[in-house]
Amino acid sequence: MSDICVIGGGASGMAAAIAAARSGASVVIAEGNPRVGKKLLTTGNGRCNLTHISPSAEAYRGAAELISDVLGELGATGAFTFFKSIGVLLHSDGDGRVYPYSNSANTVLDALRRELERLGVGVVCGFRVKSVTGRDGDFAVRSAEGKSINAKKVIFAAGGIAAPSSGSDGSGFAMLEALGVKHTEPRPALTGLKCGGTSRFKGVRAKARVTLLRGGAELSSASGEVQFGDAGLSGICVFDISRYARKGDAVNVDLLPDYTPELAAQVFAELDGGRGLPAAELLCGVFNRRLAESAAAKAQGSGFGELALSAKSLRFTVEGVMPFANAQVTAGGVPASEVGRDLQSVRVPGVYIAGELLDVDGVCGGYNLHWAWCSGIRAGREAAAAL
Ligand SMILES: Cc1cc2nc3c(=O)[nH]c(=O)nc-3n(C[C@H](O)[C@H](O)[C@H](O)COP(=O)(O)OP(=O)(O)OC[C@H]3O[C@@H](n4cnc5c(N)ncnc54)[C@H](O)[C@@H]3O)c2cc1C
């Protein structure tokens, strides 16, 4: 019998296994895919944006107290120390996003696998866990084919439902539920928004500030590049507001986020230079032609002030969020009330939960992987300490 079985060899599972093995436990990872870390290789467009230089709790949605506590596991510079300890040098871009110096997710995965091997962690791939039975000190982790791993403690690190083709198909939630662990409804997050009226701008990318509105009240706002598609809006800033969106909300796209309406009107007047250009022609010098024509047509009058207001208020109605297949993370999951500070289930002693299975999701920028490392290390260390 092993001391600890980790279900899932993704980011949080590998971190949990390393932390537990470093604490002296015998550890085995059960991974459904033929290899560990499939999703990790796709992160950051293959560059792996694995943390942020200031990973504060405000970047996350979920129970603030638990999040702050678990983030303390690595602290502000702890990710640099952890990755250094497995031989990976990191660097950050101008926005605080941190990547491996190689800019390759392969570097990170190779180093994690080398460390697992060095520590003698058993990695059983192609083992899709179907059920977990037993009790603290004596669990049986079974695959669909009837194979079994016995362990004293179990760490669930099977991910949420985002990008299910990477292996995180929601089976972690089902297994936890069968054990009696409660969870809230998982929802796609960091994903695009389905909106009517975007197809006429298909293929256009524009710098903007997007604001999610419900009944006129502002719910969330973010700046960046908006991508207009056939079925809706995407781009990192849209992903960041998507976790709060639901059908019927409005999205305001401000095409001049750096300008007040007054300043924008002044700039338009200067660009016109007294020539009396038609509005659409004037705006074509500032925006993509299709956006310019739309903003000009929508302006309630021909003055520069009206044009400025129109360019700052392109409106779309949310018809829904893009599905899990398009999402980067899962919102919802096992709430803080179901686990202790040690990330052990309050209902099932000996069961620990890490990563995206927990009801914590962060904005884009390395925060979600940072949560995976921190929660994995916490669960692994605590499970080993409780042996
Ligand atoms: C395209 C994309 C890009 C992203 N880019 C970034 C980024 O740049 N920065 C960032 O911070 N975050 C990024 N994320 C989010 C980040 O990858 C996840 O938040 C993180 O991987 C979650 O870690 P996890 O260990 O909880 O789950 P996962 O990484 O999903 O790992 C779960 C593992 O469990 C295995 N598993 C599931 N069920 C079973 C079972 N029943 N039996 C056995 N094994 C099982 C899966 O096969 C998988 O290997 C991105 C996500 C996507 C989809």
# chains A, B, ... in the order shown; residues from 1 in each chain; ligands from 1
$ residues_near_ligand --ligand "ligand 1" --cutoff "7 Å" --atoms "only C-alpha atoms and all ligand atoms" --output "PyMOL selection string"
chain A and resi 7-13+30-33+36-40+42-45+48-51+127-130+157-160+162-163+166-172+327-329+354-357+364-370+372
$ residues_around --residues "A:Leu343" --least-positions-apart "5" --cutoff "9 Å" --atoms "only C-alpha atoms" --output "list in words"
Val70, Ala336, Glu338, Val351, Tyr352, Ile353, Ala354, Ser375, Arg378, Ala379, Glu382 and Ala383 of chain A
$ residues_around --residues "A:Gly224" --least-positions-apart "2" --cutoff "8 Å" --atoms "only C-alpha atoms" --output "PDB file with C-alpha atoms, in the first residue's frame"
ATOM      1  CA  LYS A 207      -7.969  47.612 -28.629  1.00  0.00           C
ATOM      2  CA  ALA A 208     -10.885  48.298 -26.275  1.00  0.00           C
ATOM      3  CA  ARG A 209     -12.320  48.303 -22.785  1.00  0.00           C
ATOM      4  CA  ALA A 222     -11.310  44.719 -18.490  1.00  0.00           C
ATOM      5  CA  VAL A 226     -11.223  42.296 -28.419  1.00  0.00           C
ATOM      6  CA  GLY A 235      -9.867  37.901 -26.419  1.00  0.00           C
ATOM      7  CA  ILE A 236      -8.277  37.962 -22.974  1.00  0.00           C
ATOM      8  CA  CYS A 237     -10.289  40.948 -21.692  1.00  0.00           C
TER       9      CYS A 237
END
$ closest_residue --among "A:Val363, A:Ala386, A:Ala144, A:Leu109" --to "A:Asp342" --atoms "only C-alpha atoms"
A:Ala386
$ closest_residue --among "A:Lys182, A:Arg47, A:Arg135, A:Arg243" --to "A:Pro323" --atoms "only C-alpha atoms"
A:Arg243
$ residues_around --residues "A:Ala111" --least-positions-apart "3" --cutoff "8 Å" --atoms "only C-alpha atoms" --output "PyMOL selection string"
chain A and resi 86-88+107-108+114-115
$ write_last_selection --atoms "N, CA and C atoms" --output "PDB file, in the first residue's frame"
ATOM      1  N   ILE A  86      13.399  22.843  -9.022  1.00  0.00           N
ATOM      2  CA  ILE A  86      13.345  21.736  -9.986  1.00  0.00           C
ATOM      3  C   ILE A  86      14.136  22.093 -11.260  1.00  0.00           C
ATOM      4  N   GLY A  87      14.922  23.162 -11.142  1.00  0.00           N
ATOM      5  CA  GLY A  87      15.867  23.481 -12.216  1.00  0.00           C
ATOM      6  C   GLY A  87      15.320  24.335 -13.345  1.00  0.00           C
ATOM      7  N   VAL A  88      14.205  25.068 -13.096  1.00  0.00           N
ATOM      8  CA  VAL A  88      13.622  25.884 -14.176  1.00  0.00           C
ATOM      9  C   VAL A  88      13.803  27.367 -13.859  1.00  0.00           C
ATOM     10  N   THR A 107       9.686  22.639 -21.228  1.00  0.00           N
ATOM     11  CA  THR A 107      10.744  22.771 -20.219  1.00  0.00           C
ATOM     12  C   THR A 107      10.171  22.520 -18.827  1.00  0.00           C
ATOM     13  N   VAL A 108       8.983  23.083 -18.582  1.00  0.00           N
ATOM     14  CA  VAL A 108       8.360  22.955 -17.263  1.00  0.00           C
ATOM     15  C   VAL A 108       7.929  21.509 -17.022  1.00  0.00           C
ATOM     16  N   ARG A 114      11.059  14.962 -14.259  1.00  0.00           N
ATOM     17  CA  ARG A 114      12.371  14.561 -13.721  1.00  0.00           C
ATOM     18  C   ARG A 114      12.343  14.540 -12.199  1.00  0.00           C
ATOM     19  N   GLU A 115      11.689  15.560 -11.603  1.00  0.00           N
ATOM     20  CA  GLU A 115      11.641  15.637 -10.143  1.00  0.00           C
ATOM     21  C   GLU A 115      10.791  14.498  -9.577  1.00  0.00           C
TER      22      GLU A 115
END
$ residues_around --residues "A:Ala264" --least-positions-apart "4" --cutoff "10 Å" --atoms "only C-alpha atoms" --output "ChimeraX atom specification"
/A:256-260,268-270,304-305,307-309,311-312
$ select_by_dssp --residues "stretch 91-339 of chain A" --states "strand (DSSP E)" --output "VMD selection string"
chain A and resid 91 to 92 97 to 100 122 to 125 129 to 135 138 to 143 148 to 156 187 to 189 193 to 195 205 to 214 217 to 228 232 to 234 250 to 254 314 to 321 329 to 331
$ select_by_dssp --residues "stretch 161-208 of chain A" --states "helix (DSSP H, G or I)" --output "mmCIF file with N, CA and C atoms, in the first residue's frame"
data_model
loop_
_atom_site.group_PDB
_atom_site.id
_atom_site.type_symbol
_atom_site.label_atom_id
_atom_site.label_comp_id
_atom_site.auth_asym_id
_atom_site.auth_seq_id
_atom_site.Cartn_x
_atom_site.Cartn_y
_atom_site.Cartn_z
ATOM 1 N N PRO A 164 -12.110 19.680 -21.889
ATOM 2 C CA PRO A 164 -12.197 18.271 -21.472
ATOM 3 C C PRO A 164 -11.342 17.315 -22.312
ATOM 4 N N SER A 165 -10.993 17.719 -23.537
ATOM 5 C CA SER A 165 -10.161 16.823 -24.366
ATOM 6 C C SER A 165 -8.769 16.645 -23.756
ATOM 7 N N SER A 166 -8.411 17.519 -22.790
ATOM 8 C CA SER A 166 -7.101 17.375 -22.139
ATOM 9 C C SER A 166 -7.156 16.345 -21.014
ATOM 10 N N SER A 171 -14.961 14.035 -14.125
ATOM 11 C CA SER A 171 -15.130 12.795 -13.343
ATOM 12 C C SER A 171 -14.697 12.999 -11.883
ATOM 13 N N GLY A 172 -13.813 13.971 -11.645
ATOM 14 C CA GLY A 172 -13.406 14.265 -10.267
ATOM 15 C C GLY A 172 -14.597 14.689 -9.420
ATOM 16 N N PHE A 173 -15.454 15.548 -9.995
ATOM 17 C CA PHE A 173 -16.640 15.993 -9.254
ATOM 18 C C PHE A 173 -17.549 14.803 -8.946
ATOM 19 N N ALA A 174 -17.751 13.933 -9.955
ATOM 20 C CA ALA A 174 -18.657 12.788 -9.775
ATOM 21 C C ALA A 174 -18.130 11.857 -8.673
ATOM 22 N N MET A 175 -16.821 11.606 -8.667
ATOM 23 C CA MET A 175 -16.258 10.703 -7.652
ATOM 24 C C MET A 175 -16.353 11.313 -6.253
ATOM 25 N N LEU A 176 -16.100 12.623 -6.175
ATOM 26 C CA LEU A 176 -16.201 13.288 -4.866
ATOM 27 C C LEU A 176 -17.645 13.256 -4.369
ATOM 28 N N GLU A 177 -18.575 13.473 -5.298
ATOM 29 C CA GLU A 177 -19.992 13.449 -4.924
ATOM 30 C C GLU A 177 -20.369 12.064 -4.381
ATOM 31 N N ALA A 178 -19.855 11.023 -5.035
ATOM 32 C CA ALA A 178 -20.164 9.660 -4.584
ATOM 33 C C ALA A 178 -19.644 9.417 -3.161
ATOM 34 N N LEU A 179 -18.572 10.138 -2.812
ATOM 35 C CA LEU A 179 -18.022 10.001 -1.448
ATOM 36 C C LEU A 179 -18.778 10.879 -0.437
ATOM 37 N N SER A 199 -21.244 39.296 -36.079
ATOM 38 C CA SER A 199 -20.749 38.633 -37.306
ATOM 39 C C SER A 199 -20.346 39.655 -38.378
ATOM 40 N N ARG A 200 -20.955 40.836 -38.354
ATOM 41 C CA ARG A 200 -20.575 41.820 -39.380
ATOM 42 C C ARG A 200 -19.156 42.357 -39.168
ATOM 43 N N PHE A 201 -18.605 42.085 -37.983
ATOM 44 C CA PHE A 201 -17.214 42.510 -37.701
ATOM 45 C C PHE A 201 -16.257 41.309 -37.679
#
$ residues_around --residues "A:Gly320" --least-positions-apart "3" --cutoff "8 Å" --atoms "only C-alpha atoms" --output "tab-separated table (two decimals) with all heavy atoms, in the first residue's frame"
chain	number	residue	atom	x	y	z
A	193	LEU	N	-17.76	35.12	-25.23
A	193	LEU	CA	-19.18	35.41	-24.99
A	193	LEU	C	-19.94	35.29	-26.30
A	193	LEU	O	-19.52	35.87	-27.32
A	193	LEU	CB	-19.34	36.83	-24.43
A	193	LEU	CG	-18.78	37.06	-23.02
A	193	LEU	CD1	-18.90	38.54	-22.66
A	193	LEU	CD2	-19.52	36.21	-22.00
A	194	LYS	N	-21.03	34.53	-26.28
A	194	LYS	CA	-21.90	34.47	-27.46
A	194	LYS	C	-22.73	35.75	-27.48
A	194	LYS	O	-23.41	36.05	-26.49
A	194	LYS	CB	-22.85	33.28	-27.35
A	194	LYS	CG	-22.20	31.94	-27.47
A	194	LYS	CD	-23.28	30.86	-27.42
A	194	LYS	CE	-22.69	29.54	-27.01
A	194	LYS	NZ	-23.68	28.56	-26.60
A	195	CYS	N	-22.64	36.51	-28.56
A	195	CYS	CA	-23.39	37.76	-28.65
A	195	CYS	C	-23.99	37.90	-30.03
A	195	CYS	O	-23.38	37.49	-31.02
A	195	CYS	CB	-22.46	38.97	-28.45
A	195	CYS	SG	-21.66	39.05	-26.87
A	245	ALA	N	-20.70	36.57	-16.55
A	245	ALA	CA	-21.75	36.84	-17.55
A	245	ALA	C	-22.85	35.80	-17.56
A	245	ALA	O	-22.64	34.63	-17.28
A	245	ALA	CB	-21.11	36.90	-18.94
A	246	ARG	N	-24.06	36.27	-17.90
A	246	ARG	CA	-25.14	35.34	-18.19
A	246	ARG	C	-26.05	35.94	-19.26
A	246	ARG	O	-25.94	37.13	-19.57
A	246	ARG	CB	-25.89	34.96	-16.92
A	246	ARG	CG	-26.68	36.07	-16.30
A	246	ARG	CD	-27.45	35.54	-15.10
A	246	ARG	NE	-28.40	36.54	-14.67
A	246	ARG	CZ	-28.65	36.82	-13.40
A	246	ARG	NH1	-28.01	36.19	-12.44
A	246	ARG	NH2	-29.54	37.73	-13.09
A	247	LYS	N	-26.87	35.06	-19.80
A	247	LYS	CA	-27.76	35.46	-20.90
A	247	LYS	C	-28.55	36.72	-20.53
A	247	LYS	O	-29.07	36.81	-19.41
A	247	LYS	CB	-28.72	34.30	-21.18
A	247	LYS	CG	-29.47	34.43	-22.45
A	247	LYS	CD	-30.27	33.19	-22.72
A	247	LYS	CE	-31.15	33.51	-23.92
A	247	LYS	NZ	-32.10	32.54	-24.23
A	248	GLY	N	-28.63	37.65	-21.45
A	248	GLY	CA	-29.41	38.87	-21.22
A	248	GLY	C	-28.56	40.04	-20.75
A	248	GLY	O	-29.02	41.19	-20.80
$ residues_around --residues "A:Gly62" --least-positions-apart "6" --cutoff "9 Å" --atoms "only C-alpha atoms" --output "list of chain:residue names"
A:Ala331, A:Gly332, A:Pro335, A:Ala336, A:Leu358, A:Asp359, A:Val360, A:Asp361, A:Gly362
$ closest_residue --among "A:Cys374, A:Val124, A:Leu66, A:Val141" --to "A:Ser337" --atoms "only C-alpha atoms"
A:Leu66
$ closest_residue --among "A:Lys147, A:Arg22, A:Arg347, A:Arg142" --to "A:Leu116" --atoms "only C-alpha atoms"
A:Arg22
$ closest_residue --among "A:Ser68, A:Ser2, A:Ser223, A:Ser23" --to "A:Trp371" --atoms "only C-alpha atoms"
A:Ser68
$ atom_distance --atom1 "atom CA of A:Glu262" --atom2 "atom CA of A:Thr317"
26.8 Å
